[in-house]
>>> print(open('structure-v9.txt').read())   # compact mmCIF, C-alpha atoms
# COMPACT_ATOMS: atom_id res chain seq x y z
CA MET A 275 -28.37 135.09 78.90
CA PRO A 276 -28.58 135.48 82.70
CA GLY A 277 -26.90 133.16 85.15
CA ALA A 278 -23.53 131.47 85.35
CA SER A 279 -22.06 130.01 82.22
CA VAL A 280 -18.85 128.21 81.46
CA GLU A 281 -16.52 128.83 78.55
CA ALA A 282 -15.44 125.77 76.66
CA ALA A 283 -14.08 124.85 73.26
CA ASP A 284 -16.77 124.25 70.67
CA ASP A 285 -15.94 120.58 70.64
CA PHE A 286 -18.03 117.59 71.76
CA GLU A 287 -15.12 115.71 73.34
CA ALA A 288 -13.74 118.80 75.08
CA VAL A 289 -17.10 119.64 76.69
CA ASN A 290 -17.54 116.07 77.82
CA GLU A 291 -14.03 116.04 79.28
CA LEU A 292 -14.82 119.23 81.20
CA CYS A 293 -18.08 117.81 82.55
CA ARG A 294 -16.35 114.59 83.56
CA GLU A 295 -13.64 116.53 85.42
CA ARG A 296 -16.20 118.61 87.27
CA GLY A 297 -18.46 115.66 88.09
CA TRP A 298 -21.30 117.08 85.99
CA SER A 299 -22.11 113.70 84.57
CA ASP A 300 -23.67 110.31 85.12
CA GLY A 301 -20.72 108.65 83.40
CA LEU A 302 -22.36 108.63 79.96
CA PRO A 303 -21.62 111.22 77.25
CA ILE A 304 -23.72 114.37 77.56
CA VAL A 305 -25.09 116.72 74.95
CA PRO A 306 -23.14 119.99 75.34
CA PRO A 307 -25.53 122.56 76.82
CA THR A 308 -24.68 125.43 74.51
CA ALA A 309 -26.52 128.70 74.93
CA GLU A 310 -28.38 127.98 71.70
CA ARG A 311 -29.59 124.53 72.81
CA VAL A 312 -30.57 125.81 76.25
CA GLU A 313 -32.61 128.61 74.67
CA GLN A 314 -34.35 126.09 72.45
CA MET A 315 -35.20 124.02 75.52
CA LEU A 316 -36.61 127.11 77.23
CA ALA A 317 -39.04 127.63 74.34
CA TYR A 318 -41.27 125.31 76.38
CA CYS A 319 -40.90 127.29 79.59
CA ASP A 320 -43.62 129.74 80.64
CA ARG A 321 -41.83 131.00 83.75
CA PRO A 322 -39.02 133.50 84.34
CA TRP A 323 -35.77 131.74 83.56
CA ASP A 324 -33.91 132.73 86.70
CA GLU A 325 -36.63 132.22 89.32
CA PRO A 326 -36.16 128.89 91.14
CA VAL A 327 -39.05 126.46 90.80
CA ALA A 328 -37.62 124.41 93.69
CA VAL A 329 -34.49 123.92 95.78
CA ILE A 330 -32.84 120.53 95.48
CA PRO A 331 -31.25 118.94 98.53
CA PRO A 332 -28.76 118.13 99.92
CA ARG A 333 -27.00 121.17 98.49
CA TYR A 334 -30.32 123.06 98.38
CA GLY A 335 -29.28 124.46 95.03
CA ASP A 336 -31.72 126.74 93.22
CA ALA A 337 -33.44 124.81 90.44
CA THR A 338 -34.02 127.69 88.05
CA PRO A 339 -35.52 126.97 84.63
CA LEU A 340 -32.17 127.97 83.17
CA ARG A 341 -30.25 125.37 85.15
CA LEU A 342 -32.91 122.74 84.60
CA ALA A 343 -32.85 123.43 80.86
CA ALA A 344 -29.08 122.91 80.79
CA ASN A 345 -29.49 119.53 82.48
CA ALA A 346 -32.32 118.61 80.11
CA VAL A 347 -30.10 119.42 77.12
CA MET A 348 -27.26 117.37 78.61
CA ALA A 349 -29.61 114.44 79.08
CA GLY A 350 -30.73 114.51 75.45
CA CYS A 351 -34.29 115.78 76.00
CA TRP A 352 -36.33 117.35 73.25
CA PRO A 353 -37.69 120.76 74.29
CA GLU A 354 -41.22 119.29 74.40
CA TYR A 355 -40.17 117.20 77.40
CA PHE A 356 -39.18 120.23 79.47
CA PRO A 357 -42.54 120.97 81.21
CA LEU A 358 -42.87 117.39 82.45
CA PHE A 359 -39.26 117.34 83.64
CA VAL A 360 -39.81 120.56 85.60
CA LEU A 361 -43.01 119.09 87.07
CA ALA A 362 -41.13 115.99 88.23
CA ILE A 363 -38.48 118.12 89.97
CA GLU A 364 -41.18 120.19 91.68
CA ALA A 365 -42.98 117.05 92.82
CA MET A 366 -39.90 115.47 94.35
CA CYS A 367 -38.99 118.68 96.16
CA GLU A 368 -42.30 118.67 98.00
CA GLU A 369 -41.83 118.01 101.70
CA PRO A 370 -43.58 114.62 102.02
CA PHE A 371 -41.28 113.05 99.44
CA ASN A 372 -38.21 113.60 101.65
CA LEU A 373 -35.80 114.15 98.77
CA TYR A 374 -33.02 114.96 101.23
CA GLY A 375 -33.26 111.45 102.67
CA ILE A 376 -33.52 109.85 99.25
CA GLN A 377 -30.49 111.73 97.94
CA ALA A 378 -28.14 111.13 100.87
CA THR A 379 -29.15 107.69 102.14
CA THR A 380 -27.12 104.49 102.03
CA HIS A 381 -30.23 102.86 100.55
CA LEU A 382 -30.23 102.38 96.76
CA CYS A 383 -33.45 104.29 96.01
CA ALA A 384 -34.04 106.61 93.08
CA PRO A 385 -37.03 108.82 92.31
CA LEU A 386 -39.34 106.84 90.02
CA ILE A 387 -41.54 109.04 87.84
CA ILE A 388 -44.93 107.58 86.86
CA VAL A 389 -46.74 109.65 84.23
CA ASN A 390 -50.53 109.70 83.82
CA GLY A 391 -52.90 111.61 81.59
CA PRO A 392 -52.82 112.91 78.04
CA VAL A 393 -49.20 114.08 78.07
CA ALA A 394 -48.03 110.47 78.34
CA SER A 395 -49.19 109.65 74.83
CA GLU A 396 -48.40 113.15 73.57
CA LEU A 397 -44.75 112.59 74.47
CA GLU A 398 -44.87 108.87 73.56
CA ILE A 399 -43.79 107.81 77.05
CA ASN A 400 -43.64 104.03 77.06
CA SER A 401 -46.19 102.28 79.26
CA GLY A 402 -46.07 98.90 77.53
CA HIS A 403 -43.38 96.41 76.54
CA ASN A 404 -40.05 97.24 78.14
CA ALA A 405 -41.47 100.42 79.72
CA PHE A 406 -38.80 100.39 82.45
CA GLY A 407 -36.11 99.56 79.93
CA PRO A 408 -34.39 101.34 77.06
CA GLY A 409 -35.92 102.33 73.75
CA ARG A 410 -37.99 105.49 74.00
CA GLN A 411 -36.28 108.84 74.04
CA SER A 412 -38.88 110.37 76.38
CA ASN A 413 -38.52 107.69 79.07
CA ALA A 414 -34.75 107.64 78.76
CA THR A 415 -34.03 111.35 78.70
CA ILE A 416 -36.65 112.73 81.10
CA GLY A 417 -35.44 110.27 83.72
CA ARG A 418 -31.82 111.09 82.91
CA ALA A 419 -32.48 114.85 83.11
CA VAL A 420 -33.84 114.29 86.62
CA ARG A 421 -30.71 112.40 87.67
CA LEU A 422 -28.39 115.06 86.21
CA ALA A 423 -30.33 117.81 88.00
CA LEU A 424 -30.16 115.86 91.27
CA VAL A 425 -26.39 115.62 90.84
CA ASN A 426 -25.57 119.01 89.36
CA ILE A 427 -28.03 121.22 91.26
CA GLY A 428 -28.73 119.02 94.28
CA GLY A 429 -25.15 117.93 94.85
CA ALA A 430 -25.81 114.16 94.92
CA ILE A 431 -22.26 113.23 94.04
CA PRO A 432 -21.40 109.59 94.81
CA GLY A 433 -19.39 109.21 98.00
CA LEU A 434 -19.68 112.89 98.81
CA CYS A 435 -23.38 113.51 99.37
CA ASP A 436 -24.91 110.47 97.64
CA MET A 437 -24.00 107.81 100.17
CA SER A 438 -25.85 104.91 98.52
CA THR A 439 -23.97 101.77 99.51
CA PHE A 440 -24.06 100.30 96.00
CA GLY A 441 -26.59 102.36 94.03
CA SER A 442 -28.83 100.91 91.34
CA PRO A 443 -29.28 101.05 87.57
CA ALA A 444 -32.49 102.98 88.22
CA LYS A 445 -30.31 105.93 89.16
CA TYR A 446 -29.45 106.43 85.48
CA THR A 447 -33.10 106.93 84.51
CA TYR A 448 -36.44 105.85 85.95
CA CYS A 449 -39.46 107.19 84.10
CA VAL A 450 -42.54 105.32 82.87
CA ALA A 451 -46.18 105.91 82.06
CA GLU A 452 -49.06 103.86 83.43
CA ASN A 453 -50.77 101.70 80.82
CA GLU A 454 -54.16 103.35 81.38
CA SER A 455 -55.86 101.86 78.31
CA ALA A 456 -54.93 98.33 79.40
CA SER A 457 -55.91 98.80 83.03
CA PRO A 458 -59.25 97.44 84.28
CA TRP A 459 -59.18 100.03 87.07
CA PRO A 460 -59.12 103.82 87.39
CA PRO A 461 -55.64 105.18 86.67
CA LEU A 462 -53.29 106.10 89.48
CA HIS A 463 -53.84 109.86 89.26
CA VAL A 464 -57.63 109.50 89.36
CA GLU A 465 -57.29 107.20 92.36
CA ARG A 466 -55.20 109.90 93.99
CA GLY A 467 -57.83 112.59 93.42
CA PHE A 468 -56.98 114.17 90.08
CA ALA A 469 -59.22 114.63 87.06
CA ALA A 470 -58.84 111.98 84.37
CA GLY A 471 -57.99 114.69 81.85
CA ALA A 472 -55.17 116.08 83.98
CA SER A 473 -51.61 115.11 83.15
CA THR A 474 -49.67 114.21 86.26
CA VAL A 475 -46.44 112.82 87.56
CA THR A 476 -46.33 110.63 90.65
CA VAL A 477 -42.86 110.40 92.16
CA VAL A 478 -41.91 107.43 94.31
CA GLY A 479 -38.64 106.97 96.22
CA ALA A 480 -38.15 103.52 94.76
CA GLU A 481 -35.95 100.47 94.56
CA CYS A 482 -35.66 98.59 91.26
CA PRO A 483 -38.56 96.39 90.20
CA HIS A 484 -38.44 92.83 91.55
CA ASN A 485 -40.23 90.48 89.18
CA ILE A 486 -43.25 88.39 90.18
CA ASN A 487 -43.65 85.48 87.77
CA ASP A 488 -47.04 83.79 87.72
CA HIS A 489 -47.86 81.88 84.57
CA GLU A 490 -50.18 79.36 86.21
CA SER A 491 -52.77 81.05 88.43
CA LEU A 492 -56.19 81.32 86.83
CA THR A 493 -57.93 83.26 89.59
CA ALA A 494 -57.58 86.64 91.25
CA GLU A 495 -56.72 84.94 94.52
CA GLY A 496 -54.02 82.92 92.78
CA ILE A 497 -52.29 85.96 91.29
CA LEU A 498 -52.62 87.90 94.52
CA THR A 499 -51.22 84.96 96.50
CA THR A 500 -48.11 84.95 94.34
CA ILE A 501 -47.77 88.71 94.69
CA ALA A 502 -48.28 88.53 98.45
CA GLY A 503 -45.61 85.85 98.72
CA THR A 504 -43.12 88.02 96.87
CA VAL A 505 -43.95 91.10 98.90
CA ALA A 506 -43.53 89.38 102.28
CA ILE A 507 -39.79 89.75 102.87
CA THR A 508 -37.57 90.82 105.75
CA GLY A 509 -35.24 93.18 103.91
CA THR A 510 -37.33 96.18 102.89
CA ASN A 511 -37.24 99.61 104.47
CA ASP A 512 -41.03 99.70 104.16
CA VAL A 513 -41.72 97.12 106.84
CA PHE A 514 -40.19 99.44 109.46
CA TYR A 515 -42.18 102.56 108.46
CA LYS A 516 -45.66 103.71 107.54
CA ALA A 517 -44.57 103.31 103.93
CA GLU A 518 -46.13 102.95 100.49
CA PRO A 519 -44.57 100.09 98.53
CA LEU A 520 -45.61 99.78 94.92
CA VAL A 521 -47.05 96.79 93.11
CA VAL A 522 -46.89 96.94 89.32
CA MET A 523 -49.34 94.57 87.66
CA SER A 524 -49.03 93.64 84.02
CA PRO A 525 -52.26 94.05 82.03
CA GLU A 526 -52.75 90.26 81.99
CA HIS A 527 -52.39 89.88 85.74
CA ALA A 528 -54.58 92.93 86.31
CA ALA A 529 -57.26 91.46 84.03
CA THR A 530 -57.25 88.21 86.03
CA VAL A 531 -57.49 90.04 89.34
CA ALA A 532 -60.20 92.42 88.16
CA GLY A 533 -61.97 89.54 86.43
CA GLY A 534 -62.31 87.90 89.84
CA GLY A 535 -64.32 90.88 90.97
CA TYR A 536 -61.47 92.67 92.74
CA SER A 537 -61.21 96.43 92.77
CA LYS A 538 -57.81 97.98 93.52
CA ALA A 539 -58.96 98.48 97.12
CA ASP A 540 -59.94 94.80 97.34
CA ALA A 541 -56.56 93.76 95.95
CA LYS A 542 -54.79 95.99 98.48
CA ARG A 543 -56.75 94.47 101.33
CA PHE A 544 -55.88 90.94 100.15
CA LEU A 545 -52.20 91.87 100.03
CA TYR A 546 -52.36 93.51 103.46
CA GLU A 547 -53.88 90.39 104.97
CA HIS A 548 -51.72 87.84 103.18
CA ALA A 549 -48.32 89.55 102.79
CA ARG A 550 -47.18 88.78 106.31
CA LEU A 551 -44.25 87.10 108.01
CA PRO A 552 -44.02 85.65 111.50
CA LEU A 553 -42.00 87.89 113.78
CA GLY A 554 -39.42 85.12 114.25
CA ARG A 555 -38.35 85.40 110.61
CA PHE A 556 -36.63 88.68 111.46
CA SER A 557 -33.29 88.73 113.23
CA LYS A 558 -33.16 89.19 116.99
CA GLU A 559 -31.74 92.70 116.68
CA ASN A 560 -34.28 93.80 114.07
CA ILE A 561 -37.06 92.54 116.31
CA GLU A 562 -35.76 94.38 119.38
CA ARG A 563 -34.39 97.56 117.83
CA ARG A 564 -36.82 98.05 114.98
CA LEU A 565 -40.16 96.23 115.23
CA ARG A 566 -40.67 96.32 118.98
CA ALA A 567 -39.24 99.82 119.27
CA LYS A 568 -41.07 101.28 116.29
CA PHE A 569 -44.47 99.62 116.67
CA PRO A 570 -44.81 98.95 120.41
CA GLU A 571 -48.58 98.71 120.29
CA ARG A 572 -48.27 95.81 117.85
CA PHE A 573 -45.04 94.09 118.93
CA ALA A 574 -44.01 95.11 122.45
CA LYS A 575 -45.11 91.80 123.94
CA ALA A 576 -45.57 89.82 120.72
CA GLY A 577 -44.31 86.25 120.43
CA MET A 578 -42.30 84.80 117.55
CA ASP A 579 -45.48 83.72 115.73
CA ALA A 580 -47.01 87.21 115.68
CA PRO A 581 -47.79 88.29 112.10
CA VAL A 582 -45.81 91.21 110.71
CA PRO A 583 -47.65 92.99 107.90
CA MET A 584 -45.61 94.63 105.14
CA VAL A 585 -47.59 97.88 105.38
CA GLN A 586 -49.41 99.58 108.25
CA ASP A 587 -52.69 100.02 106.36
CA PRO A 588 -54.16 98.25 103.28
CA ASP A 589 -54.40 101.52 101.38
CA ASP A 590 -50.68 102.08 101.81
CA PHE A 591 -50.03 99.69 98.94
CA MET A 592 -49.87 101.51 95.62
CA ILE A 593 -50.99 99.57 92.55
CA VAL A 594 -50.33 100.59 88.95
CA VAL A 595 -50.77 98.75 85.66
CA ILE A 596 -47.71 98.84 83.41
CA GLY A 597 -46.39 96.62 80.66
CA GLY A 598 -47.22 94.70 77.53
CA ALA A 599 -48.06 91.05 77.05
CA GLY A 600 -46.77 88.59 79.63
CA LYS A 601 -47.71 87.07 82.95
CA HIS A 602 -45.38 88.98 85.22
CA SER A 603 -45.92 91.64 87.81
CA ALA A 604 -43.37 93.49 89.90
CA PHE A 605 -42.83 94.56 93.48
CA ILE A 606 -41.13 97.91 93.99
CA PRO A 607 -40.27 98.61 97.63
CA THR A 608 -39.47 102.18 98.61
CA PHE A 609 -37.07 104.10 100.81
CA GLY A 610 -39.64 103.78 103.58
CA ALA A 611 -39.30 107.25 105.06
CA THR A 612 -40.96 108.85 102.05
CA HIS A 613 -44.42 109.46 100.64
CA ALA A 614 -45.37 109.40 96.98
CA VAL A 615 -46.30 112.82 95.61
CA THR A 616 -48.61 113.42 92.66
CA ARG A 617 -48.56 116.77 90.92
CA ALA A 618 -50.56 118.02 87.93
CA LEU A 619 -49.14 119.75 84.89
CA LYS A 620 -50.34 123.32 85.05
CA LEU A 621 -49.65 126.55 83.24
CA ARG A 622 -48.32 129.53 85.10
CA ASP A 623 -51.86 130.82 85.68
CA GLY A 624 -52.80 127.60 87.47
CA GLN A 625 -54.88 126.10 84.67
CA LEU A 626 -54.40 122.44 83.86
CA ALA A 627 -52.22 122.22 80.78
CA PRO A 628 -54.07 120.41 77.98
CA SER A 629 -50.83 119.81 76.07
CA VAL A 630 -47.13 120.63 76.34
CA GLU A 631 -47.65 122.96 73.39
CA ALA A 632 -49.54 125.28 75.76
CA PHE A 633 -46.18 126.07 77.41
CA ARG A 634 -44.62 127.18 74.18
CA ARG A 635 -43.53 130.77 74.08
CA SER A 636 -44.85 132.44 71.00
CA MET B 63 -27.22 121.80 115.17
CA ALA B 64 -26.50 124.62 112.72
CA GLU B 65 -29.17 126.72 114.34
CA LEU B 66 -27.80 126.06 117.85
CA ARG B 67 -24.30 126.96 116.71
CA LYS B 68 -25.54 130.22 115.22
CA ARG B 69 -26.98 131.01 118.64
CA GLY B 70 -23.54 130.65 120.21
CA LEU B 71 -23.86 127.24 121.83
CA VAL B 72 -21.07 124.69 121.77
CA THR B 73 -22.16 122.16 119.21
CA ALA B 74 -20.72 119.27 117.30
CA VAL B 75 -21.96 116.58 114.99
CA ILE B 76 -20.61 113.09 115.42
CA CYS B 77 -20.20 111.20 112.19
CA SER B 78 -18.53 108.01 111.09
CA GLY B 79 -15.62 108.25 108.66
CA PRO B 80 -17.34 107.72 105.29
CA PHE B 81 -19.90 110.40 106.12
CA LEU B 82 -17.39 113.14 106.94
CA LYS B 83 -17.56 114.69 103.47
CA LEU B 84 -21.36 114.75 103.57
CA GLY B 85 -21.21 116.38 107.01
CA GLN B 86 -18.76 119.02 105.77
CA ALA B 87 -20.90 119.72 102.71
CA GLN B 88 -24.05 120.06 104.79
CA ALA B 89 -22.32 122.34 107.32
CA ARG B 90 -21.41 124.66 104.43
CA VAL B 91 -24.94 124.51 103.03
CA PHE B 92 -26.45 125.40 106.40
CA GLY B 93 -24.08 128.35 106.86
CA VAL B 94 -21.85 126.88 109.58
CA PRO B 95 -18.74 125.76 107.71
CA ASP B 96 -16.72 125.61 110.95
CA LEU B 97 -19.18 123.30 112.68
CA PRO B 98 -17.03 120.77 114.54
CA LEU B 99 -17.37 117.28 113.13
CA ILE B 100 -16.23 114.54 115.44
CA VAL B 101 -15.23 111.47 113.50
CA ILE B 102 -15.70 107.98 114.90
CA PRO B 103 -14.86 104.69 113.21
CA HIS B 104 -17.44 103.28 110.80
CA PRO B 105 -19.89 101.64 111.22
CA LEU B 106 -22.04 102.77 114.11
CA GLY B 107 -25.10 100.86 112.94
CA GLY B 108 -25.34 97.18 113.79
CA LEU B 109 -23.07 97.40 116.82
CA SER B 110 -23.71 95.83 120.18
CA LEU B 111 -24.08 98.15 123.15
CA GLU B 112 -20.43 97.48 123.99
CA GLY B 113 -19.46 98.54 120.49
CA VAL B 114 -21.48 101.73 120.78
CA LYS B 115 -19.77 102.50 124.11
CA GLY B 116 -16.44 102.02 122.37
CA ARG B 117 -17.40 104.61 119.78
CA ALA B 118 -18.45 106.98 122.55
CA GLU B 119 -15.03 106.50 124.16
CA VAL B 120 -13.46 107.73 120.93
CA ALA B 121 -15.75 110.74 120.77
CA ILE B 122 -15.74 111.86 124.40
CA PRO B 123 -12.15 113.16 124.60
CA LYS B 124 -12.80 115.22 121.47
CA VAL B 125 -15.99 116.63 122.99
CA ILE B 126 -14.06 117.54 126.15
CA ASP B 127 -11.43 119.31 124.06
CA LEU B 128 -14.18 121.29 122.34
CA LEU B 129 -15.67 122.35 125.64
CA LYS B 130 -12.28 123.34 127.03
CA GLU B 131 -11.64 125.51 123.97
CA HIS B 132 -15.01 127.16 124.34
CA ILE B 133 -14.39 127.93 128.01
CA ARG B 134 -10.95 129.34 127.22
>>> encode(input="structure-v9.txt", output="structure tokens")
Amino acid sequence: MPGASVEAADDFEAVNELCRERGWSDGLPIVPPTAERVEQMLAYCDRPWDEPVAVIPPRYGDATPLRLAANAVMAGCWPEYFPLFVLAIEAMCEEPFNLYGIQATTHLCAPLIIVNGPVASELEINSGHNAFGPGRQSNATIGRAVRLALVNIGGAIPGLCDMSTFGSPAKYTYCVAENESASPWPPLHVERGFAAGASTVTVVGAECPHNINDHESLTAEGILTTIAGTVAITGTNDVFYKAEPLVVMSPEHAATVAGGGYSKADAKRFLYEHARLPLGRFSKENIERRLRAKFPERFAKAGMDAPVPMVQDPDDFMIVVIGGAGKHSAFIPTFGATHAVTRALKLRDGQLAPSVEAFRRS
Amino acid sequence: MAELRKRGLVTAVICSGPFLKLGQAQARVFGVPDLPLIVIPHPLGGLSLEGVKGRAEVAIPKVIDLLKEHIR
């Protein structure tokens, strides 16, 4: 097998001890990436094993299929998950995502992977109850494989290159599917220009979800008012950038909003107009050094009552429908200096992959 | 900064203490492992102008030393 390998005793504890010593770990036990397991993982790889599919900052390590497969094994992925995991790595290494910033920042962000299209149900990626939480192997291990690759290939070692002040639980794993069947609107990937039948990942440099509880509102405006009130805060990165914060609506909240005649674009416009704070709610230094300096055309001479929107443009809000029963939504701010990237699952010849089985080497 | 150093210019990156290891790692990645890193006390963010000037006063002697070495 080409590429570097490490000799270790054929012993679960010994391999885990070695990985712990070398920092090749997220702190949880890993599945030893034996040559046999890595080869099994690569059964779902249609590319040359030693050709990098991306380089992962800040180390700018070569993400070859071989290395990615080792991390996928360590994370506990089934081989069927491998194509989607590779796609997620490729997406977050695209320039607009700013993976370097997301890896090295003091901010607590992690790449959130939102899956759309047929592969979500093929791999049983949870989009319903507890989608962001534990339970499904695909959610848990695809997200974990990403984190391990970001550490082991990208060099995001805490305190060394990962300078997150206090991190977040989302840095263990952060992978969900959109609940397309429960959404009253077109799914995220269609909204972003992809065919409904394409399978995609959308990567977002994201904080953890902040819950939005609304058990009382009976109208679209009511739900959106509660969401707007939760979104309008002084402490996001997004407010200081042309950023794309995410609003996750539960199916019940989405049904109420859509039932009031609101499209996603209408909902975004409502949020843009209502999720605002008066300038005076920010500290003196943030007003001078951030808002006035960054957006002079809006704030250079603005008084303390001037409205500060949470995004620069209504369409900057991203809306997805995720979850099971329950009248909650969630606000997910981002790193700010990042743009979401959507990428479609394709075979080596550029054709959209109808299924992960299409990647299988015969 | 790495590019400027490779072209023979006197360069340095100023970083606050906790970020020294990141700076060293990045210098290696960008092919300039000997890139001078001038360490100032942390934090730099959130300081008044007086505080920033204080940090500069820590850095300036080290910059002067660098220049003197380069001239020698």
>>> residues_near_point(input="structure-v9.txt", point="(-45.2, 112.3, 101.0)", cutoff="7 Å", atoms="all atoms listed in the file", output="PyMOL selection string")
chain A and resi 369-371+612-615
>>> residues_around(input="structure-v9.txt", residues="range 570-574 of chain A", least_positions_apart="3", cutoff="12 Å", atoms="all atoms listed in the file", output="count of residues only")
20
>>> interface_residues(input="structure-v9.txt", of="chain A", to="chain B", cutoff="9 Å", atoms="all atoms listed in the file", output="ChimeraX atom specification")
/A:332-334,378,433-437,559
>>> residues_around(input="structure-v9.txt", residues="Ala74 in chain B", least_positions_apart="3", cutoff="8 Å", atoms="all atoms listed in the file", output="list of chain:residue names")
B:Met63, B:Leu97, B:Pro98, B:Leu99, B:Ile100, B:Val125
>>> atom_distance(input="structure-v9.txt", atom1="CA of Met523 in chain A", atom2="CA of Glu547 in chain A")
18.4 Å
>>> atom_distance(input="structure-v9.txt", atom1="CA of Val101 in chain B", atom2="CA of Gly79 in chain B")
5.8 Å
>>> residues_around(input="structure-v9.txt", residues="Thr73 in chain B", least_positions_apart="4", cutoff="12 Å", atoms="only C-alpha atoms", output="PyMOL selection string")
chain B and resi 63-69+89+94+96-100+124-126+128-129+132
>>> atom_distance(input="structure-v9.txt", atom1="CA of Ser442 in chain A", atom2="CA of Leu382 in chain A")
5.8 Å
>>> residues_around(input="structure-v9.txt", residues="Gly496 in chain A", least_positions_apart="4", cutoff="12 Å", atoms="all atoms listed in the file", output="VMD selection string")
chain A and resid 487 to 492 500 to 503 527 to 528 530 to 531 534 541 544 to 545 548
>>> closest_residue(input="structure-v9.txt", among="A:Pro331, A:Pro322, A:Pro458, A:Gly600", to="Ala430 in chain A", atoms="only C-alpha atoms")
A:Pro331
